[in-house]
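Enquirer: Have a look at the structure that comes next, please.
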Amino acid sequence: MRNPGRTSATWTKYSTGRRSRQRASRLAAFVALILAAATGIAAAVVLFELRMPARLGPALSGAEIDDVAVADLCVYVQKCSHLGAPDLPARRVQSLLARGTSRGRNAATSTTSPSRASLAREAHQMVLSENGGEWESAFHQSRIERIACVLAMAAGDRPESYRVTLLDTTQTNAVSTADGRIYITRGLVTTSTDDEIAMVLAHEMHHIRSGHWYSWWSPDAEDAGGAGWEDARPDPVSEAARALADLGVDALSGEATTSYAQEFEADARGVLLASMCGYDGRQMYNVLTRLPSMPVTSHPSVAHRIAGVAKVLDAMGDPGWISSHDPVKVAVRSVETAMRRGAMYRPGVSGEAPGLPDVARVCQETLDWLDATESEMIGFRWLGAGRALSGRGRVLGRAVVITSSLSVVDVAVDTGFVHATAGKPGVVCGRTWLIRRRGVWEPVAAQVLPGKRFAAPEWLTFKDELRGVVAPGPKDVECDALRTAQMWRDTAVSDFAGHLAVYALEAIGWARFLGSRHAELRAWSVRCETHSPTLATVAFSSGLTIDGLPISSNSTRLTLVLEDGQWKVAQVNLD
Ligand SMILES: [Zn+2]
């Protein structure tokens with residue numbers, strides 16, 4: 001009985017000491033005040049440290065960046081990384097450039113005159129009514145705007161001078177109008193990779209910014225768009241185009257007048273712009289072969305267009321041209337070189353920069369993860385490997401900023417094993433800062449970006465639209481079909497036996513492999529169509545992650561039939 005006695009005595013001692021309680025609370029308040037003040041001071045110090053040096057702003061917007069500014073920039077980038085704000089420098093530079101008055105043309109033909117504005121409205125309505133109206137997909141809209149924004153900035157245009165509209169049709173096509181609208185069909189968006197979409201957007205952007213449409217647009221628009229674009233402040237893409245024209249690519253001379261020549265020019269310029277932003281130019285071949293046949297009076301044949309694109313891509317392989325005009329490729333090669341050298345920073349060695357070895361290390365870790373996953377897949381006899389999974393060519397770059405003298409490039413690893421038609425399955429490992437001095441691009445600083453960042457950030461921000469399909473209501477049939485689709489989707493990654501009937505044989509190993517890992521399949525842009533009381537299709541874009549990393553994305557179409565009062569999956573189509 002001793003213990004309870006002692007406890008109660010202790011309790012009494014503390015519970016009755018009012019004065020000591022007051023003292024304790026005063027002490028607590030004092031400590032809290034000191035802590036708050038310390039936090040405030042620390043926050044102020046951090047904010048002060050995170051400020052971009054005032055003299056850096058004008059230096060970065062200039063045509064040539066001197067050594068002092070480069071040193072300032074490196075210190076600033078590293079400081080922000082250490083203080084936990086790695087994104088801040090690139091964001092500051094972006095807003096700095098956006099504010100710059102000399103930069104950012106409005107690419108589209110002006111629609112200020114009433115006649116032109118009404119023509120623009122008419123054209124818009126015509127395109128919509130002939131192509132199934134507007135398709136609303138938040139996922140694909142944000143995906144396309146992400147790509148369009150980088151392309152516009154790299155070309156020296158204000159991103160808001162282009163407006164992208166999705167058309168609700170299964171055709172694969174894209175068109176643009178002189179007022180800066182670009183239309184892309186659902187059929188093209190849901191079956192195209194980010195690289196292919198970048199090629200399409202860059203092609204249409206060139207038609208718009210060069211005023212290719214004014215001949216049919218309206219006679220009085222002739223003075224607005226068009227020929228003037230070369231006279232504006234040189235942007236890095238125009239400079240690069242001129243250099244390629246000097247290497248013998250006629251289509252880049254910017255003198256196209258006939259519609260044939262304008263198509264060649266838009267292809268060439270589109271491939272150049274998208275490639276300079278880090279997209280794979282060879283995917284233009286896929287785009288060209290998938291487009292519907294165009295009228296021969298206005299468009300060259302697909303074979304001729306492919307030959308034209310091949311000429312551009314050949315010329316872009318010129319080493320001299322790359323070092324002067326392709327900062328993304330320079331960044332990727334620097335990281336690859338650092339990976340081969342075992343990620344060592346050697347000060348004074350050209351092409352090396354502080355931070356680069358760290359980025360190389362993170363890239364290598366991601367590639368090692370991919371290798372391990374591949375070995376495991378082989379162990380499961382997964383036969384569906386669409387391509388060889390070697391490290392070669394899996395490091396890629398995406399421009400965040402491109403000006404004539406400064407470039408910021410995100411370096412990522414392509415983690416996709418198979419389909420990649422609903423966004424790029426890739427992980428961003430780091431960011432490289434490049435400066436062009438004496439006409440040559442050179443990495444000057446690099447930073448590791450913490451956390452898992454997907455090359456297509458929409459993967460993280462959009463919810464799974466097939467999960468929790470709405471309760472039965474007036475559209476019962478649609479709900480039932482959607483629930484069947486959800487069930488099919490959820491078991492497709494674990495229950496291979498249940499899917500034998502509709503899967504190809506090679507998918508068995510795939511499903512067994514996925515069943516042993518933490519696999520997640522998310523769906524976007526779900527679309528259900530009931531063709532008759534017993535026949536429905538459910539189409540959706542989806543992305544697959546394994547252990548949190550994206551590995552594949554595609555578009556799926558399920559054909560559902562009603563049998564004995566139950567919807568069953570009769571056919572599966574993957575794009
Ligand atoms: Zn065209």
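Residues are referred to by chain and number: the chain letter is A, B, ... according to the order shown in the structure tokens, the number counts from 1 in that chain, and ligands are numbered separately from 1 in the order shown.
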Can you tell me which residues come within 10 Å of ligand 1 when counting only C-alpha atoms and all ligand atoms, ideally as a PDB file with N, CA and C atoms, in the first residue's frame?
Expert:
```pdb
ATOM      1  N   ALA A 174      -5.185  17.696 -86.095  1.00  0.00           N
ATOM      2  CA  ALA A 174      -4.995  18.960 -85.393  1.00  0.00           C
ATOM      3  C   ALA A 174      -5.062  20.085 -86.403  1.00  0.00           C
ATOM      4  N   VAL A 175      -5.682  21.191 -86.026  1.00  0.00           N
ATOM      5  CA  VAL A 175      -5.719  22.357 -86.910  1.00  0.00           C
ATOM      6  C   VAL A 175      -5.508  23.605 -86.051  1.00  0.00           C
ATOM      7  N   SER A 176      -5.245  24.717 -86.727  1.00  0.00           N
ATOM      8  CA  SER A 176      -5.124  25.962 -85.976  1.00  0.00           C
ATOM      9  C   SER A 176      -5.757  27.083 -86.778  1.00  0.00           C
ATOM     10  N   VAL A 200       3.126  18.098 -82.767  1.00  0.00           N
ATOM     11  CA  VAL A 200       1.898  18.641 -83.357  1.00  0.00           C
ATOM     12  C   VAL A 200       1.718  20.106 -82.956  1.00  0.00           C
ATOM     13  N   HIS A 203       4.247  22.405 -84.635  1.00  0.00           N
ATOM     14  CA  HIS A 203       3.906  22.581 -86.055  1.00  0.00           C
ATOM     15  C   HIS A 203       2.815  23.660 -86.201  1.00  0.00           C
ATOM     16  N   GLU A 204       1.738  23.503 -85.427  1.00  0.00           N
ATOM     17  CA  GLU A 204       0.629  24.468 -85.537  1.00  0.00           C
ATOM     18  C   GLU A 204       1.061  25.852 -85.071  1.00  0.00           C
ATOM     19  N   MET A 205       1.882  25.913 -84.019  1.00  0.00           N
ATOM     20  CA  MET A 205       2.358  27.214 -83.528  1.00  0.00           C
ATOM     21  C   MET A 205       3.111  27.953 -84.622  1.00  0.00           C
ATOM     22  N   HIS A 206       3.856  27.210 -85.424  1.00  0.00           N
ATOM     23  CA  HIS A 206       4.607  27.886 -86.480  1.00  0.00           C
ATOM     24  C   HIS A 206       3.669  28.477 -87.534  1.00  0.00           C
ATOM     25  N   HIS A 207       2.609  27.727 -87.887  1.00  0.00           N
ATOM     26  CA  HIS A 207       1.625  28.290 -88.828  1.00  0.00           C
ATOM     27  C   HIS A 207       1.075  29.603 -88.274  1.00  0.00           C
ATOM     28  N   ILE A 208       0.759  29.616 -86.975  1.00  0.00           N
ATOM     29  CA  ILE A 208       0.135  30.797 -86.363  1.00  0.00           C
ATOM     30  C   ILE A 208       1.112  31.972 -86.336  1.00  0.00           C
ATOM     31  N   HIS A 212       0.696  32.028 -91.562  1.00  0.00           N
ATOM     32  CA  HIS A 212       0.389  31.216 -92.743  1.00  0.00           C
ATOM     33  C   HIS A 212      -1.084  31.226 -93.103  1.00  0.00           C
ATOM     34  N   SER A 259       1.539  26.929-100.095  1.00  0.00           N
ATOM     35  CA  SER A 259       1.065  26.120 -98.969  1.00  0.00           C
ATOM     36  C   SER A 259       1.917  24.858 -98.807  1.00  0.00           C
ATOM     37  N   TYR A 260       2.449  24.343 -99.919  1.00  0.00           N
ATOM     38  CA  TYR A 260       3.356  23.194 -99.835  1.00  0.00           C
ATOM     39  C   TYR A 260       4.571  23.546 -98.985  1.00  0.00           C
ATOM     40  N   GLN A 262       4.917  25.954 -96.969  1.00  0.00           N
ATOM     41  CA  GLN A 262       4.565  26.290 -95.589  1.00  0.00           C
ATOM     42  C   GLN A 262       4.425  25.041 -94.726  1.00  0.00           C
ATOM     43  N   GLU A 263       3.911  23.957 -95.318  1.00  0.00           N
ATOM     44  CA  GLU A 263       3.812  22.703 -94.559  1.00  0.00           C
ATOM     45  C   GLU A 263       5.199  22.165 -94.236  1.00  0.00           C
ATOM     46  N   PHE A 264       6.087  22.173 -95.235  1.00  0.00           N
ATOM     47  CA  PHE A 264       7.470  21.716 -94.992  1.00  0.00           C
ATOM     48  C   PHE A 264       8.114  22.563 -93.896  1.00  0.00           C
ATOM     49  N   GLU A 265       7.864  23.876 -94.004  1.00  0.00           N
ATOM     50  CA  GLU A 265       8.483  24.792 -93.050  1.00  0.00           C
ATOM     51  C   GLU A 265       7.936  24.554 -91.635  1.00  0.00           C
ATOM     52  N   ALA A 266       6.612  24.353 -91.530  1.00  0.00           N
ATOM     53  CA  ALA A 266       6.017  24.124 -90.206  1.00  0.00           C
ATOM     54  C   ALA A 266       6.507  22.802 -89.609  1.00  0.00           C
ATOM     55  N   ASP A 267       6.677  21.789 -90.463  1.00  0.00           N
ATOM     56  CA  ASP A 267       7.235  20.513 -89.987  1.00  0.00           C
ATOM     57  C   ASP A 267       8.656  20.728 -89.448  1.00  0.00           C
ATOM     58  N   GLY A 270       8.679  22.973 -86.433  1.00  0.00           N
ATOM     59  CA  GLY A 270       8.048  22.277 -85.313  1.00  0.00           C
ATOM     60  C   GLY A 270       8.983  21.255 -84.685  1.00  0.00           C
ATOM     61  N   MET A 294      -4.384  14.299 -96.412  1.00  0.00           N
ATOM     62  CA  MET A 294      -4.692  15.714 -96.601  1.00  0.00           C
ATOM     63  C   MET A 294      -4.907  15.976 -98.086  1.00  0.00           C
ATOM     64  N   SER A 298      -2.999  21.202-101.133  1.00  0.00           N
ATOM     65  CA  SER A 298      -2.382  22.055-100.117  1.00  0.00           C
ATOM     66  C   SER A 298      -1.239  21.378 -99.370  1.00  0.00           C
ATOM     67  N   HIS A 299      -1.273  20.030 -99.310  1.00  0.00           N
ATOM     68  CA  HIS A 299      -0.278  19.341 -98.489  1.00  0.00           C
ATOM     69  C   HIS A 299       0.620  18.426 -99.314  1.00  0.00           C
TER      70      HIS A 299
END
```
Enquirer: For Asp326 in chain A, work out the shell of residues within 7 Å, counting only C-alpha atoms and skipping chain neighbours fewer than 4 positions away, then give it as a VMD selection string.
Expert: chain A and resid 276 322 330
Enquirer: With N, CA and C atoms retained, could you export that selection as a short mmCIF file (atom, residue, chain, number, x, y, z; two decimals), in the first residue's frame?
Expert:
```cif
data_model
loop_
_atom_site.label_atom_id
_atom_site.label_comp_id
_atom_site.auth_asym_id
_atom_site.auth_seq_id
_atom_site.Cartn_x
_atom_site.Cartn_y
_atom_site.Cartn_z
N MET A 276 14.36 21.10 -79.35
CA MET A 276 15.17 21.98 -78.50
C MET A 276 14.62 22.05 -77.08
N ILE A 322 25.03 21.39 -82.09
CA ILE A 322 24.52 21.00 -80.76
C ILE A 322 25.15 21.88 -79.68
N VAL A 330 23.05 19.21 -74.54
CA VAL A 330 24.31 19.44 -73.81
C VAL A 330 24.14 19.02 -72.34
#
```
Enquirer: Excluding Val271 in chain A and its own-chain neighbours fewer than 6 positions away, which residues fall within 8 Å of it when counting only C-alpha atoms? Please give them as a list of chain:residue names.
Expert: A:Met199, A:Ala202, A:His203, A:Gly281, A:Met284, A:Val309, A:Val312, A:Leu313
Enquirer: Tell me which protein, DNA and RNA residues are within 12 Å of Ile147 in chain A, counting only C-alpha atoms, leaving out same-chain ones fewer than 5 positions away, and put them as an MDAnalysis selection string.
Expert: chainID A and resid 140:142 152:154 159 162 164 193:202 273:274 277:279 398:400 423:424 455:458
Enquirer: Name all residues at most 12 Å from Pro533 in chain A (count only C-alpha atoms; drop same-chain ones fewer than 2 positions away) and give them as a list in words.
Expert: Lys475, Asp476, Val477, Glu478, Asp480, Ala481, Glu529, Thr530, His531, Leu535, Ala536, Thr537, Leu560, Val561, Leu562, Glu563, Gly565, Gln566 and Trp567 of chain A
Enquirer: Could you write those residues out with N, CA and C atoms, as a PDB file, in the first residue's frame?
Expert:
```
ATOM      1  N   LYS A 475     -28.901   7.387 -64.736  1.00  0.00           N
ATOM      2  CA  LYS A 475     -28.148   6.724 -65.802  1.00  0.00           C
ATOM      3  C   LYS A 475     -27.630   5.379 -65.300  1.00  0.00           C
ATOM      4  N   ASP A 476     -28.554   4.516 -64.884  1.00  0.00           N
ATOM      5  CA  ASP A 476     -28.201   3.220 -64.303  1.00  0.00           C
ATOM      6  C   ASP A 476     -27.247   2.402 -65.161  1.00  0.00           C
ATOM      7  N   VAL A 477     -27.578   2.316 -66.452  1.00  0.00           N
ATOM      8  CA  VAL A 477     -26.819   1.456 -67.355  1.00  0.00           C
ATOM      9  C   VAL A 477     -25.360   1.902 -67.382  1.00  0.00           C
ATOM     10  N   GLU A 478     -25.172   3.223 -67.482  1.00  0.00           N
ATOM     11  CA  GLU A 478     -23.827   3.770 -67.551  1.00  0.00           C
ATOM     12  C   GLU A 478     -23.056   3.446 -66.269  1.00  0.00           C
ATOM     13  N   ASP A 480     -23.546   0.955 -64.167  1.00  0.00           N
ATOM     14  CA  ASP A 480     -23.219  -0.471 -64.114  1.00  0.00           C
ATOM     15  C   ASP A 480     -22.016  -0.773 -65.005  1.00  0.00           C
ATOM     16  N   ALA A 481     -22.019  -0.189 -66.195  1.00  0.00           N
ATOM     17  CA  ALA A 481     -20.917  -0.424 -67.127  1.00  0.00           C
ATOM     18  C   ALA A 481     -19.611   0.108 -66.535  1.00  0.00           C
ATOM     19  N   GLU A 529     -19.910   4.995 -73.292  1.00  0.00           N
ATOM     20  CA  GLU A 529     -20.919   5.191 -74.340  1.00  0.00           C
ATOM     21  C   GLU A 529     -21.784   3.939 -74.420  1.00  0.00           C
ATOM     22  N   THR A 530     -23.105   4.107 -74.329  1.00  0.00           N
ATOM     23  CA  THR A 530     -23.987   2.954 -74.469  1.00  0.00           C
ATOM     24  C   THR A 530     -24.551   2.979 -75.884  1.00  0.00           C
ATOM     25  N   HIS A 531     -24.206   1.953 -76.646  1.00  0.00           N
ATOM     26  CA  HIS A 531     -24.606   1.909 -78.053  1.00  0.00           C
ATOM     27  C   HIS A 531     -25.963   1.268 -78.227  1.00  0.00           C
ATOM     28  N   LEU A 535     -25.024  -3.236 -75.240  1.00  0.00           N
ATOM     29  CA  LEU A 535     -23.652  -3.012 -75.712  1.00  0.00           C
ATOM     30  C   LEU A 535     -23.159  -1.623 -75.290  1.00  0.00           C
ATOM     31  N   ALA A 536     -21.991  -1.611 -74.628  1.00  0.00           N
ATOM     32  CA  ALA A 536     -21.420  -0.325 -74.185  1.00  0.00           C
ATOM     33  C   ALA A 536     -19.907  -0.367 -74.350  1.00  0.00           C
ATOM     34  N   THR A 537     -19.302   0.805 -74.480  1.00  0.00           N
ATOM     35  CA  THR A 537     -17.832   0.860 -74.449  1.00  0.00           C
ATOM     36  C   THR A 537     -17.417   1.838 -73.352  1.00  0.00           C
ATOM     37  N   LEU A 560     -18.138  -3.782 -73.622  1.00  0.00           N
ATOM     38  CA  LEU A 560     -18.918  -4.502 -72.619  1.00  0.00           C
ATOM     39  C   LEU A 560     -20.224  -4.989 -73.229  1.00  0.00           C
ATOM     40  N   VAL A 561     -20.610  -6.230 -72.901  1.00  0.00           N
ATOM     41  CA  VAL A 561     -21.922  -6.728 -73.341  1.00  0.00           C
ATOM     42  C   VAL A 561     -22.717  -7.181 -72.122  1.00  0.00           C
ATOM     43  N   LEU A 562     -24.023  -7.026 -72.200  1.00  0.00           N
ATOM     44  CA  LEU A 562     -24.888  -7.423 -71.095  1.00  0.00           C
ATOM     45  C   LEU A 562     -25.319  -8.876 -71.320  1.00  0.00           C
ATOM     46  N   GLU A 563     -24.910  -9.757 -70.399  1.00  0.00           N
ATOM     47  CA  GLU A 563     -25.264 -11.179 -70.502  1.00  0.00           C
ATOM     48  C   GLU A 563     -25.891 -11.612 -69.197  1.00  0.00           C
ATOM     49  N   GLY A 565     -28.156 -10.304 -67.479  1.00  0.00           N
ATOM     50  CA  GLY A 565     -28.316  -9.182 -66.558  1.00  0.00           C
ATOM     51  C   GLY A 565     -27.016  -8.633 -65.993  1.00  0.00           C
ATOM     52  N   GLN A 566     -25.868  -9.115 -66.507  1.00  0.00           N
ATOM     53  CA  GLN A 566     -24.577  -8.657 -65.983  1.00  0.00           C
ATOM     54  C   GLN A 566     -23.691  -8.161 -67.125  1.00  0.00           C
ATOM     55  N   TRP A 567     -23.008  -7.023 -66.884  1.00  0.00           N
ATOM     56  CA  TRP A 567     -22.083  -6.534 -67.896  1.00  0.00           C
ATOM     57  C   TRP A 567     -20.807  -7.360 -67.848  1.00  0.00           C
TER      58      TRP A 567
END
```
Enquirer: Write out as a PyMOL selection string all residues of range 127-350 of chain A that DSSP puts in strand (DSSP E or B) for this structure's backbone.
Expert: chain A and resi 134+157+163-167+174-176+181-185
Enquirer: So, counting only C-alpha atoms, which residue among A:Thr461, A:Val469, A:Gly40, A:Ala98 is closest to Arg158 in chain A?
Expert: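 Of A:Thr461, A:Val469, A:Gly40, A:Ala98, the one nearest Arg158 in chain A, counting only C-alpha atoms, is A:Ala98.
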Enquirer: Find the distance between CA of Arg186 in chain A and CA of Ser129 in chain A and write it in Å to one decimal.
Expert: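 CA of Ser129 in chain A lies at a distance of 14.6 Å from CA of Arg186 in chain A.
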Enquirer: If you run DSSP on the backbone here, which positions in range 121-337 of chain A get alpha helix (DSSP H)? Please write them as a ChimeraX atom specification.
Expert: /A:121-130,138-154,186-189,194-209,214-217,236-246,259-276,283-290,302-315,319-325,327-337
Enquirer: Do you know which residues are at most 7 Å from range 551-559 of chain A counting only C-alpha atoms, after dropping those on the same chain fewer than 2 positions away, and could you put them as a ChimeraX atom specification?
Expert: /A:190-191,415-423,425,536-546,549,561,569-575
Enquirer: Excluding same-chain residues fewer than 4 positions from Tyr183 in chain A, what lies within 12 Å of it counting only C-alpha atoms, as a ChimeraX atom specification?
Expert: /A:123-128,130-135,141,144,162-169,172-179,187-189,197,200-201,204-205
Enquirer: Between A:Glu136, A:Asp547, A:Glu352, A:Asp72, which residue has the minimum interatomic distance to Ala331 in chain A, considering only C-alpha atoms?
Expert: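 With only C-alpha atoms as the atom set, the closest residue is A:Glu352.
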